[in-house]
Every structure is written in C-alpha cells, then in structure tokens.
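Just final36.txt here, compact mmCIF, C-alpha atoms:
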```txt
# COMPACT_ATOMS: atom_id res chain seq x y z
CA MET E 91 141.04 -8.71 -119.07
CA ILE E 92 139.27 -11.88 -118.17
CA ALA E 93 135.50 -12.17 -118.71
CA PHE E 94 133.42 -14.28 -116.36
CA PRO E 95 130.14 -15.80 -117.43
CA VAL E 96 126.99 -14.36 -115.81
CA PRO E 97 124.74 -16.91 -114.07
CA SER E 98 121.46 -17.52 -115.71
CA TYR E 99 119.35 -16.87 -112.58
CA LEU E 100 120.77 -13.33 -112.41
CA LEU E 101 119.79 -12.71 -115.95
CA VAL E 102 116.23 -13.81 -115.28
CA LYS E 103 115.77 -11.46 -112.23
CA THR E 104 117.39 -8.55 -113.99
CA PHE E 105 115.56 -8.73 -117.24
CA LEU E 106 111.95 -9.18 -116.09
CA PRO E 107 109.29 -7.98 -118.42
CA HIS E 108 108.38 -4.28 -118.01
CA PRO E 109 104.75 -4.62 -116.83
CA LEU E 110 105.66 -7.07 -114.13
CA ARG E 111 108.43 -4.83 -112.84
CA ALA E 112 105.99 -1.92 -112.58
CA SER E 113 103.51 -3.88 -110.53
CA PHE E 114 106.22 -4.80 -108.06
CA LEU E 115 107.30 -1.19 -107.74
CA PHE E 116 103.82 0.28 -107.02
CA ALA E 117 102.47 -2.48 -104.71
CA PRO E 118 103.54 -0.81 -101.38
CA LEU E 119 101.99 2.50 -102.42
CA ILE E 120 98.66 0.87 -103.26
CA ILE E 121 98.54 -1.04 -99.96
CA GLY E 122 99.24 2.15 -97.93
CA CYS E 123 96.49 4.13 -99.64
CA THR E 124 93.94 1.36 -99.11
CA ALA E 125 94.65 1.16 -95.33
CA GLU E 126 94.25 4.93 -94.86
CA ALA E 127 90.96 4.94 -96.72
CA GLY E 128 89.63 2.04 -94.60
CA ALA E 129 90.47 3.78 -91.31
CA ALA E 130 88.74 6.95 -92.44
CA ASN E 131 85.60 4.99 -93.30
CA VAL E 132 85.54 3.33 -89.84
CA GLU E 133 85.86 6.68 -88.07
CA LEU E 134 83.05 8.12 -90.18
CA LYS E 135 80.80 5.19 -89.36
CA GLN E 136 81.55 5.52 -85.62
CA GLU E 137 80.70 9.22 -85.70
CA LYS E 138 77.41 8.45 -87.39
CA LEU E 139 76.60 5.74 -84.81
CA THR E 140 77.45 8.14 -81.98
CA GLU E 141 75.17 10.77 -83.43
CA GLN E 142 72.33 8.29 -83.75
CA VAL E 143 72.47 6.65 -80.20
CA ASP E 144 70.70 8.56 -77.35
CA THR E 145 71.96 8.49 -73.76
CA LEU E 146 70.31 5.71 -71.78
CA VAL E 147 68.73 6.79 -68.47
CA ARG E 148 66.34 5.43 -65.88
CA THR E 149 63.59 7.64 -64.46
CA ALA E 150 61.10 7.79 -61.62
CA PRO E 151 57.84 9.76 -61.45
CA VAL E 152 57.38 12.91 -59.40
CA GLU E 153 54.95 12.12 -56.55
CA LEU E 154 52.34 14.48 -55.11
CA ARG E 155 51.58 13.60 -51.49
CA THR E 156 51.79 14.69 -47.86
CA VAL E 157 55.21 14.97 -46.23
CA GLU E 158 56.08 15.59 -42.60
CA ARG E 159 59.06 16.86 -40.65
CA HIS E 160 59.76 14.73 -37.62
CA LEU E 161 61.74 14.83 -34.43
CA GLU E 162 62.92 11.47 -33.13
CA ALA E 163 63.37 10.63 -29.46
CA THR E 164 63.92 7.56 -27.31
CA GLY E 165 62.40 6.98 -23.89
CA ASN E 166 60.96 4.46 -21.46
CA VAL E 167 57.35 3.54 -20.83
CA GLU E 168 56.04 4.39 -17.38
CA SER E 169 52.71 4.03 -15.62
CA LEU E 170 51.10 6.81 -13.63
CA ASP E 171 49.62 4.32 -11.17
CA VAL E 172 52.14 1.95 -9.59
CA VAL E 173 51.11 0.71 -6.14
CA GLU E 174 53.37 -1.05 -3.66
CA ILE E 175 51.40 -3.38 -1.37
CA VAL E 176 52.99 -4.10 2.00
CA SER E 177 51.94 -6.33 4.87
CA GLU E 178 50.33 -4.61 7.86
CA ARG E 179 50.54 -7.65 10.13
CA ALA E 180 53.34 -9.92 11.27
CA GLU E 181 51.92 -13.27 10.22
CA PRO E 182 53.02 -16.15 7.98
CA LEU E 183 51.61 -16.26 4.46
CA LEU E 184 49.24 -19.21 4.05
CA GLU E 185 47.79 -18.84 0.54
CA LEU E 186 48.65 -17.06 -2.72
CA LEU E 187 45.67 -15.89 -4.78
CA ALA E 188 47.44 -13.99 -7.59
CA GLU E 189 50.64 -14.33 -9.58
CA GLU E 190 52.79 -11.98 -11.64
CA GLY E 191 51.02 -11.02 -14.86
CA ASP E 192 47.51 -11.58 -13.51
CA GLN E 193 44.89 -8.94 -14.16
CA VAL E 194 43.17 -7.86 -10.96
CA GLU E 195 40.29 -5.57 -10.08
CA ALA E 196 40.22 -3.01 -7.30
CA GLY E 197 39.63 -4.97 -4.08
CA SER E 198 40.69 -8.34 -5.50
CA PRO E 199 42.40 -10.59 -2.90
CA LEU E 200 46.05 -11.34 -3.61
CA ALA E 201 47.14 -13.44 -0.61
CA ARG E 202 45.98 -14.57 2.85
CA LEU E 203 47.97 -14.45 6.07
CA ARG E 204 47.31 -16.51 9.18
CA SER E 205 44.20 -15.04 10.82
CA GLU E 206 43.42 -17.11 13.99
CA VAL E 207 44.58 -14.39 16.38
CA ALA E 208 42.61 -11.71 14.53
CA GLU E 209 39.49 -13.89 14.48
CA LEU E 210 39.69 -14.38 18.27
CA SER E 211 39.99 -10.63 18.71
CA VAL E 212 36.84 -10.14 16.65
CA ARG E 213 34.88 -12.64 18.76
CA GLU E 214 36.08 -10.98 21.98
CA ALA E 215 35.01 -7.60 20.64
CA GLU E 216 31.60 -8.99 19.72
CA VAL E 217 31.14 -10.35 23.28
CA ARG E 218 32.16 -6.99 24.68
CA ILE E 219 29.62 -5.31 22.42
CA GLU E 220 26.86 -7.53 23.75
CA GLU E 221 27.84 -6.90 27.40
CA THR E 222 28.05 -3.14 27.05
CA LEU E 223 24.82 -3.02 25.09
CA ASN E 224 22.97 -4.81 27.92
CA GLU E 225 24.57 -2.54 30.50
CA LYS E 226 23.61 0.52 28.52
CA GLU E 227 20.00 -0.64 28.27
CA ARG E 228 19.78 -1.24 32.07
CA ALA E 229 21.30 2.16 32.79
CA ARG E 230 18.94 3.82 30.34
CA LYS E 231 15.87 2.27 31.97
CA ASP E 232 17.09 3.23 35.47
CA TYR E 233 17.67 6.79 34.42
CA GLU E 234 14.28 7.07 32.69
CA ARG E 235 12.54 5.66 35.81
CA ASN E 236 14.38 8.01 38.15
CA GLN E 237 13.63 10.92 35.86
CA ALA E 238 9.90 10.11 36.10
CA LEU E 239 10.10 9.94 39.89
CA SER E 240 11.90 13.25 39.95
CA GLU E 241 9.12 14.88 37.95
CA ARG E 242 6.52 13.55 40.39
CA THR E 243 8.48 15.10 43.26
CA VAL E 244 8.42 18.44 41.56
CA ALA E 245 4.64 18.15 41.31
CA GLY E 246 4.36 18.13 45.11
CA ASN E 247 5.04 14.54 46.09
CA THR E 248 8.23 15.19 48.00
CA GLY E 249 10.60 12.52 49.26
CA LEU E 250 10.23 10.04 46.32
CA LEU E 251 13.70 10.78 44.70
CA SER E 252 16.37 13.30 45.44
CA GLN E 253 18.23 15.28 42.79
CA ARG E 254 21.45 13.58 43.86
CA ASP E 255 20.06 10.13 43.08
CA LEU E 256 18.82 11.37 39.70
CA GLU E 257 22.26 12.70 38.82
CA ILE E 258 23.91 9.42 39.84
CA SER E 259 21.59 7.45 37.53
CA ARG E 260 22.24 9.88 34.70
CA GLN E 261 25.99 9.54 35.08
CA ALA E 262 25.67 5.75 35.14
CA PHE E 263 23.70 5.85 31.91
CA LEU E 264 26.29 8.09 30.24
CA ALA E 265 29.12 5.79 31.37
CA ALA E 266 27.32 2.73 30.01
CA GLN E 267 26.71 4.53 26.74
CA THR E 268 30.40 5.44 26.48
CA ALA E 269 31.42 1.86 27.24
CA TYR E 270 29.18 0.62 24.46
CA GLN E 271 30.64 3.10 21.99
CA SER E 272 34.15 2.05 23.02
CA ALA E 273 33.20 -1.58 22.46
CA GLN E 274 31.97 -0.67 19.00
CA VAL E 275 35.32 0.92 18.22
CA GLY E 276 37.06 -2.17 19.55
CA LEU E 277 35.01 -4.38 17.26
CA GLU E 278 35.80 -2.20 14.27
CA GLN E 279 39.50 -2.34 15.15
CA ALA E 280 39.40 -6.13 15.48
CA GLN E 281 37.57 -6.45 12.18
CA LEU E 282 40.15 -4.20 10.54
CA GLU E 283 42.98 -6.37 11.85
CA LEU E 284 41.20 -9.43 10.51
CA ALA E 285 40.79 -7.74 7.11
CA ARG E 286 44.52 -7.00 7.08
CA CYS E 287 45.14 -10.73 7.05
CA THR E 288 43.97 -10.66 3.41
CA LEU E 289 46.18 -8.61 1.08
CA ARG E 290 44.07 -6.87 -1.58
CA SER E 291 44.72 -4.71 -4.64
CA PRO E 292 43.61 -1.10 -4.19
CA ILE E 293 43.44 -0.45 -7.96
CA LYS E 294 42.59 -2.20 -11.20
CA GLY E 295 45.76 -3.31 -12.89
CA THR E 296 48.33 -6.04 -13.41
CA VAL E 297 50.43 -7.84 -10.82
CA SER E 298 53.87 -6.66 -11.88
CA ARG E 299 55.83 -8.12 -8.94
CA ARG E 300 55.38 -10.66 -6.12
CA ASP E 301 57.76 -10.55 -3.16
CA LEU E 302 56.34 -13.22 -0.80
CA SER E 303 55.82 -16.95 -1.16
CA VAL E 304 53.72 -19.42 0.80
CA GLY E 305 55.29 -20.00 4.20
CA ASP E 306 57.20 -16.71 4.29
CA MET E 307 56.88 -14.67 7.46
CA ALA E 308 55.43 -11.30 6.58
CA THR E 309 56.45 -8.41 8.79
CA VAL E 310 54.82 -5.04 9.20
CA GLY E 311 55.92 -2.91 6.27
CA SER E 312 57.51 -5.73 4.26
CA PRO E 313 56.76 -5.53 0.49
CA ALA E 314 54.38 -8.17 -0.81
CA PHE E 315 53.11 -7.16 -4.29
CA GLN E 316 53.36 -4.42 -6.88
CA ILE E 317 50.29 -3.54 -8.95
CA THR E 318 50.70 -1.50 -12.15
CA ASP E 319 47.94 0.11 -14.18
CA LEU E 320 48.92 -0.58 -17.81
CA SER E 321 45.77 0.91 -19.32
CA SER E 322 47.21 4.44 -19.59
CA PRO E 323 50.93 4.14 -20.30
CA ARG E 324 53.16 7.18 -20.63
CA LEU E 325 56.39 7.54 -22.58
CA ILE E 326 58.99 9.69 -20.84
CA PHE E 327 61.96 11.11 -22.73
CA TRP E 328 64.39 14.02 -22.42
CA ARG E 329 65.29 16.48 -25.17
CA PRO E 330 67.96 19.21 -25.48
CA GLN E 331 66.79 22.69 -24.58
CA ARG E 332 67.11 23.82 -28.22
CA ASP E 333 64.04 21.67 -29.02
CA LEU E 334 61.82 23.54 -26.55
CA PRO E 335 60.34 25.96 -29.16
CA GLU E 336 59.24 23.04 -31.35
CA LEU E 337 57.65 20.84 -28.68
CA LYS E 338 53.98 21.64 -28.08
CA VAL E 339 51.30 19.99 -25.97
CA GLY E 340 48.97 18.01 -28.23
CA GLN E 341 51.50 17.23 -30.97
CA GLN E 342 50.82 13.84 -32.56
CA LEU E 343 53.43 11.10 -32.68
CA THR E 344 54.01 7.41 -33.18
CA ALA E 345 56.17 5.12 -31.05
CA GLU E 346 57.47 1.64 -31.67
CA SER E 347 59.58 -0.98 -29.98
CA GLU E 348 61.05 -4.35 -30.83
CA ALA E 349 59.29 -5.68 -27.74
CA VAL E 350 55.85 -4.71 -29.10
CA PRO E 351 54.92 -6.50 -32.34
CA GLY E 352 52.29 -5.24 -34.73
CA GLY E 353 53.74 -1.88 -35.71
CA PRO E 354 53.84 1.53 -34.01
CA VAL E 355 51.29 2.91 -31.57
CA SER E 356 49.94 6.43 -31.66
CA GLY E 357 50.05 9.09 -28.97
CA TYR E 358 50.40 12.79 -28.25
CA ILE E 359 52.48 15.07 -26.05
CA GLU E 360 50.69 15.48 -22.73
CA ARG E 361 53.18 17.66 -20.86
CA VAL E 362 56.39 19.56 -21.60
CA SER E 363 58.34 20.49 -18.50
CA PRO E 364 59.02 24.23 -18.28
CA VAL E 365 62.18 23.53 -16.29
CA VAL E 366 65.50 22.63 -17.94
CA ASP E 367 67.83 20.38 -16.00
CA ALA E 368 70.87 22.56 -15.33
CA ALA E 369 73.22 19.56 -15.14
CA THR E 370 72.26 18.02 -18.50
CA GLY E 371 70.66 20.91 -20.38
CA THR E 372 67.62 18.77 -21.15
CA LEU E 373 63.91 18.99 -20.44
CA LYS E 374 61.36 16.28 -19.65
CA VAL E 375 58.58 15.43 -22.11
CA THR E 376 55.62 13.24 -21.13
CA VAL E 377 53.71 11.46 -23.89
CA ARG E 378 50.33 9.77 -23.47
CA LEU E 379 50.26 6.59 -25.54
CA GLU E 380 47.13 5.03 -27.01
CA PRO E 381 48.07 1.36 -27.47
CA GLY E 382 44.57 0.08 -28.19
CA ASN E 383 44.55 -3.65 -27.50
CA LYS E 384 48.34 -3.82 -27.17
CA THR E 385 50.07 -4.21 -23.83
CA LEU E 386 53.06 -1.96 -23.21
CA PRO E 387 55.15 -3.32 -20.34
CA THR E 388 56.46 -0.70 -17.96
CA GLY E 389 60.13 0.10 -18.53
CA ILE E 390 60.46 -0.94 -22.19
CA LEU E 391 62.45 1.30 -24.52
CA MET E 392 60.49 2.93 -27.35
CA ARG E 393 61.43 5.20 -30.28
CA ALA E 394 59.09 8.11 -30.90
CA ARG E 395 58.60 10.17 -34.07
CA ILE E 396 56.96 13.52 -33.34
CA VAL E 397 55.23 15.37 -36.17
CA LEU E 398 56.62 18.92 -36.06
CA GLU E 399 55.31 20.19 -39.39
CA ARG E 400 53.23 18.82 -42.27
CA HIS E 401 53.09 19.87 -45.94
CA GLU E 402 50.10 18.78 -48.00
CA ASN E 403 50.39 18.15 -51.77
CA ALA E 404 54.19 18.25 -51.71
CA LEU E 405 56.24 17.38 -54.81
CA MET E 406 58.49 14.46 -53.91
CA ILE E 407 61.40 13.06 -55.90
CA PRO E 408 63.86 10.25 -55.12
CA LYS E 409 67.04 11.46 -53.48
CA LYS E 410 69.00 9.72 -56.25
CA ALA E 411 67.69 12.34 -58.69
CA LEU E 412 69.29 15.23 -56.79
CA LEU E 413 72.55 16.63 -58.19
CA ARG E 414 74.57 19.13 -56.19
CA GLU E 415 77.18 19.92 -58.82
CA GLY E 416 77.56 23.57 -59.75
CA ALA E 417 76.07 26.64 -58.12
CA SER E 418 72.75 25.18 -57.01
CA PRO E 419 71.05 21.82 -56.55
CA HIS E 420 69.24 20.57 -59.63
CA CYS E 421 67.79 17.52 -61.30
CA PHE E 422 66.96 16.41 -64.83
CA ALA E 423 63.39 15.87 -66.01
CA VAL E 424 62.72 14.01 -69.25
CA ARG E 425 60.24 15.86 -71.47
CA GLU E 426 59.56 14.63 -75.00
CA GLY E 427 62.77 12.61 -75.03
CA VAL E 428 64.98 15.50 -73.94
CA ALA E 429 66.72 15.97 -70.59
CA VAL E 430 65.75 19.33 -69.08
CA GLN E 431 67.89 20.64 -66.23
CA ILE E 432 65.69 22.11 -63.49
CA PRO E 433 67.05 24.00 -60.45
CA ILE E 434 65.37 22.88 -57.23
CA GLU E 435 65.18 24.00 -53.62
CA PRO E 436 65.19 21.02 -51.23
CA GLY E 437 62.47 20.91 -48.57
CA PHE E 438 61.55 18.18 -46.09
CA GLU E 439 63.43 14.91 -46.35
CA GLU E 440 62.44 11.28 -45.96
CA PRO E 441 64.81 8.30 -45.91
CA ASN E 442 64.62 7.87 -49.70
CA HIS E 443 62.72 10.92 -50.97
CA LEU E 444 63.08 14.68 -50.98
CA GLU E 445 60.52 17.48 -51.15
CA VAL E 446 61.05 19.94 -54.00
CA LEU E 447 60.11 23.59 -53.48
CA GLY E 448 59.58 26.01 -56.35
CA GLY E 449 57.74 25.70 -59.65
CA GLY E 450 60.27 24.03 -61.93
CA LEU E 451 58.91 20.50 -61.59
CA LEU E 452 55.34 19.53 -62.32
CA PRO E 453 53.20 16.59 -61.20
CA GLY E 454 53.58 13.88 -63.80
CA ASP E 455 57.19 14.70 -64.66
CA ASN E 456 59.74 11.91 -64.73
CA VAL E 457 63.12 12.68 -63.21
CA VAL E 458 66.36 10.89 -64.04
CA VAL E 459 67.60 8.67 -61.21
CA VAL E 460 70.27 6.68 -63.10
CA GLY E 461 72.59 8.35 -65.61
CA ALA E 462 71.97 11.95 -64.58
CA ASP E 463 75.62 12.59 -63.72
CA ARG E 464 76.65 12.46 -67.41
CA LEU E 465 73.75 14.46 -68.86
CA GLU E 466 73.70 17.97 -70.26
CA ASP E 467 70.74 20.28 -70.57
CA GLY E 468 68.86 19.60 -73.82
CA GLU E 469 70.48 16.25 -74.48
CA SER E 470 68.40 13.54 -76.13
CA VAL E 471 67.84 10.53 -73.91
CA GLU E 472 66.26 7.12 -74.07
CA ILE E 473 64.43 5.81 -71.00
CA VAL E 474 65.28 2.28 -69.90
CA GLU E 475 62.51 0.52 -68.03
CA GLY E 476 63.13 -1.51 -64.92
```

Output the file's structure as structure tokens, nothing else.
Amino acid sequence: MIAFPVPSYLLVKTFLPHPLRASFLFAPLIIGCTAEAGAANVELKQEKLTEQVDTLVRTAPVELRTVERHLEATGNVESLDVVEIVSERAEPLLELLAEEGDQVEAGSPLARLRSEVAELSVREAEVRIEETLNEKERARKDYERNQALSERTVAGNTGLLSQRDLEISRQAFLAAQTAYQSAQVGLEQAQLELARCTLRSPIKGTVSRRDLSVGDMATVGSPAFQITDLSSPRLIFWRPQRDLPELKVGQQLTAESEAVPGGPVSGYIERVSPVVDAATGTLKVTVRLEPGNKTLPTGILMRARIVLERHENALMIPKKALLREGASPHCFAVREGVAVQIPIEPGFEEPNHLEVLGGGLLPGDNVVVVGADRLEDGESVEIVEG
C-alpha cells in the first residue's frame, strides 16, 4: 500500500480551531432570525401608524335659505301692437321723415308723397264753398222776404204774394242750403286726400320696418312702414298639456336672452290658453314682461324660468355630498371629528345643490363632499381645508 502525502492547505481547512468552526456553522441561522424579527417590527409599526392616522375629508357647510322649483320654457317676444302703414294714394314718395329704429309718437309724420293734385282739389273745394255760401245767403233772404209778404197777405192785403211763389222761394233756399252742405263735404274730402299725402304713425312706438324709399311710386294699399310698440312686450311659448295643472295666471318668472345684455328680466304669466292644440298636444302661454329700461326686440328668442313652488328656510347641501349606495340616500356629517351617516330625503334641486327633507341634518353641520365614498359610520376623520 502506497501512502500519498496530504497537501498542507487541506490540513489547514480541516483542522480549524473549534470556536471558529462553530461560528461558521451558526451564521446562517442567526441571519435568518434577525430578518424575521425586523419584518415583524415593520408590520407592527405600520399597524400603529394606521391606527393613529384619521381619514382625510373635505367638507362644506349646510346652508339655510330659500329654494324654488322651476319650469323652463323657450319662446319668442311679441308685441301686442304692431301696425302696418300702407299708402292710400298713388303718388311718388318725395321725402322720408323717419327711419327704422326711430321712436315716434302717435301722429308723427313718417313720409310725404307728392301733393300738388290734392292741394288743387282743396282750393277748388274752398271756391265751391264760397259760391254755395253766397247762393245760400241770397236764397235765405229771398225766402225771408217772401215769407213776410205772405204774412201781410194773410192779414188782408191780398195780391202781394201767392202761396205758389212762397213755396218756390222756400225750395230755392233749401236747394242752396243743400248745395252748401255738399260743398262742405267736398272740402272735407279734399282735405282728407291732402292729409293722405303725409304718412303718419297712428300709435306711439318704434319704426320696425320701412318699405318705401324716396322716388318710389306708392300705390293704394302698398306697404310703407311698420310701427311696433315695444313698451309692453309679451313672451309667447308652448308647453305640453301635462304642464297645464302647474301653470297659473300671475306666476312670477324671469327670462333672459343672449341678445339682451344685463341679466334676466322679470315678468308674470298673463294668460294660459284653455285650448290644447290637438295636432301638437301643447297649449299657448302668454307672459307679460317688465323689461324696465331694456329694449326687447320683437322676435328674439328668450328662455324663461317659471317659479312653480318655493320653500323658505330649506336645508341645502352640495350634490357632491349625496351618496346613493345602499337602501336609501344618505350623506356624512362631521361632528366632533367623527363621520356620522345621516339618511336624507332629497327635495328640490338646483344645478349644484340639493334640498334635504327630514330632521337628520341641522343648520351649522358640515357635510363631507370629498372622501365620503370610503367612510363608515363612526369613523374618525380629519378635515382638510381648501
């Protein structure tokens, strides 16, 4: 048997001192225990931090104010007084005295037509008046003289005037009187024709349209102007028949339009038609507007908000606070740092707010508007401002 020498480096690794070998053997066990203990400490610290941090929420106050239920409608502005002015003579237009947009009074001249022919007719009628007046005066004097002679004959002086001659003078006087009256009518007719050469406004209003220009030939019945009274505008709209029970005469409303700056104007329902249009199933509603110093052009489109019902001292919360999860709508109010779940009954609505019915909420409460979806009843919370 042959013996081989053992290398020295093998002898060194094999025969290490006893304490050193022990430390090498137990090192992995020590490292494993230390890691497990560290992880347990981290979890314990996280649990303590979780227990100490409250849920962050943002709140808004409960408001106590008046809320209204509205009905919205769209319609056009109309005027009750719109007058079409037409020419009553066939004459060329010589002069314009008013333009579109001008304010005019009742009787204000708007335009003048050629009037030479009408003026001649007036002068002829005046001459005729003078002639018939003179003839009437001569006939009257003759009749009065003959009547006196007739009375003297009755007294016993026969032969001065016969009854036939007296009747002839009376008839002549009556004919002259009739001719004078006819001449008066002729003068009035001529003056009327002359007046028709000037187109006038019959009402106070605004010139809303002009149809003739200088030099145009006006014909009898041809349109010349339109005058609109803008002082009492009406808003006309149509509503479905289901709205009939809620529309009442006298209900207040506001109306606004992009064409009218300065905010809405007020008004009230003046008439509600009792007849429903069978073809459309709608009814006509007439609103009297009170624009104050604003001008509402006829025909513009306006949006109306009619007050159907009003609640005073209503509790209002932001719509963001409403939660509809579960059996009934509810919200969370923060009281003494704790979230309290409160069932609510929704009432009237506004674009961003909601009326709350019932006694769960109180004026002065703050309701959660951000973070409510992850809350539980009785949970501690911290309010974040802003």

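Residues within 12 Å of E:Val362, counting all atoms listed in the file and excluding same-chain residues fewer than 4 positions away, are E:Ile326, E:Phe327, E:Trp328, E:Arg329, E:Gln331, E:Asp333, E:Leu334, E:Pro335, E:Glu336, E:Leu337, E:Lys338, E:Val339, E:Gly340, E:Gln341, E:Tyr358, E:Val366, E:Thr372, E:Leu373, E:Lys374, E:Val375, E:Thr376, E:Val377, E:Arg378.
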
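The nearest approach to E:Ala394 among the residues E:Ala411, E:Leu343, E:Ala201, E:Ile434, with all atoms listed in the file taken into account, belongs to E:Leu343.
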
| Rounded to one decimal in Å, what is the spacing between atom CA of E:Ile390 and atom CA of E:Arg361? | 20.0 Å

| message | My list of candidates is E:Glu209, E:Glu466, E:Glu399, E:Glu181. Which is closest to E:Ala429 when distances are computed with only C-alpha atoms? | response | E:Glu466

| query | atom CA of E:Arg324 and atom CA of E:Thr385 are how many Å apart? | reply |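 Going from atom CA of E:Arg324 over to atom CA of E:Thr385 covers 12.2 Å.
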
| field | Straight-line distance linking atom CA of E:Glu360 with atom CA of E:Leu325, stated in Å to one decimal | value | 9.8 Å

Taking (50.1, 1.3, 5.5) in the file's coordinates as the center, which residues reach within 9 Å of it, counting all atoms listed in the file, put as a PDB file with C-alpha atoms, in the frame of the given file?
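Ended up saving to result_4.pdb:
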```
ATOM      1  CA  ILE E 175      51.400  -3.380  -1.370  1.00  0.00           C
ATOM      2  CA  VAL E 176      52.990  -4.100   2.000  1.00  0.00           C
ATOM      3  CA  SER E 177      51.940  -6.330   4.870  1.00  0.00           C
ATOM      4  CA  GLU E 178      50.330  -4.610   7.860  1.00  0.00           C
ATOM      5  CA  VAL E 310      54.820  -5.040   9.200  1.00  0.00           C
ATOM      6  CA  GLY E 311      55.920  -2.910   6.270  1.00  0.00           C
TER       7      GLY E 311
END
```

| message | Give me, as number ranges by chain, all polymer residues having an atom no more than 7 Å from stretch 270-286 of chain E, counting all atoms listed in the file and skipping those fewer than 6 positions away in the same chain. | response | E: 178-179, 205, 208-209, 211-212, 215-216, 218-219, 222-223, 226

Can I get the selection written as an mmCIF file, keeping the file's coordinate frame, with C-alpha atoms?
```
data_model
loop_
_atom_site.group_PDB
_atom_site.id
_atom_site.type_symbol
_atom_site.label_atom_id
_atom_site.label_comp_id
_atom_site.auth_asym_id
_atom_site.auth_seq_id
_atom_site.Cartn_x
_atom_site.Cartn_y
_atom_site.Cartn_z
ATOM 1 C CA GLU E 178 50.330 -4.610 7.860
ATOM 2 C CA ARG E 179 50.540 -7.650 10.130
ATOM 3 C CA SER E 205 44.200 -15.040 10.820
ATOM 4 C CA ALA E 208 42.610 -11.710 14.530
ATOM 5 C CA GLU E 209 39.490 -13.890 14.480
ATOM 6 C CA SER E 211 39.990 -10.630 18.710
ATOM 7 C CA VAL E 212 36.840 -10.140 16.650
ATOM 8 C CA ALA E 215 35.010 -7.600 20.640
ATOM 9 C CA GLU E 216 31.600 -8.990 19.720
ATOM 10 C CA ARG E 218 32.160 -6.990 24.680
ATOM 11 C CA ILE E 219 29.620 -5.310 22.420
ATOM 12 C CA THR E 222 28.050 -3.140 27.050
ATOM 13 C CA LEU E 223 24.820 -3.020 25.090
ATOM 14 C CA LYS E 226 23.610 0.520 28.520
#
```
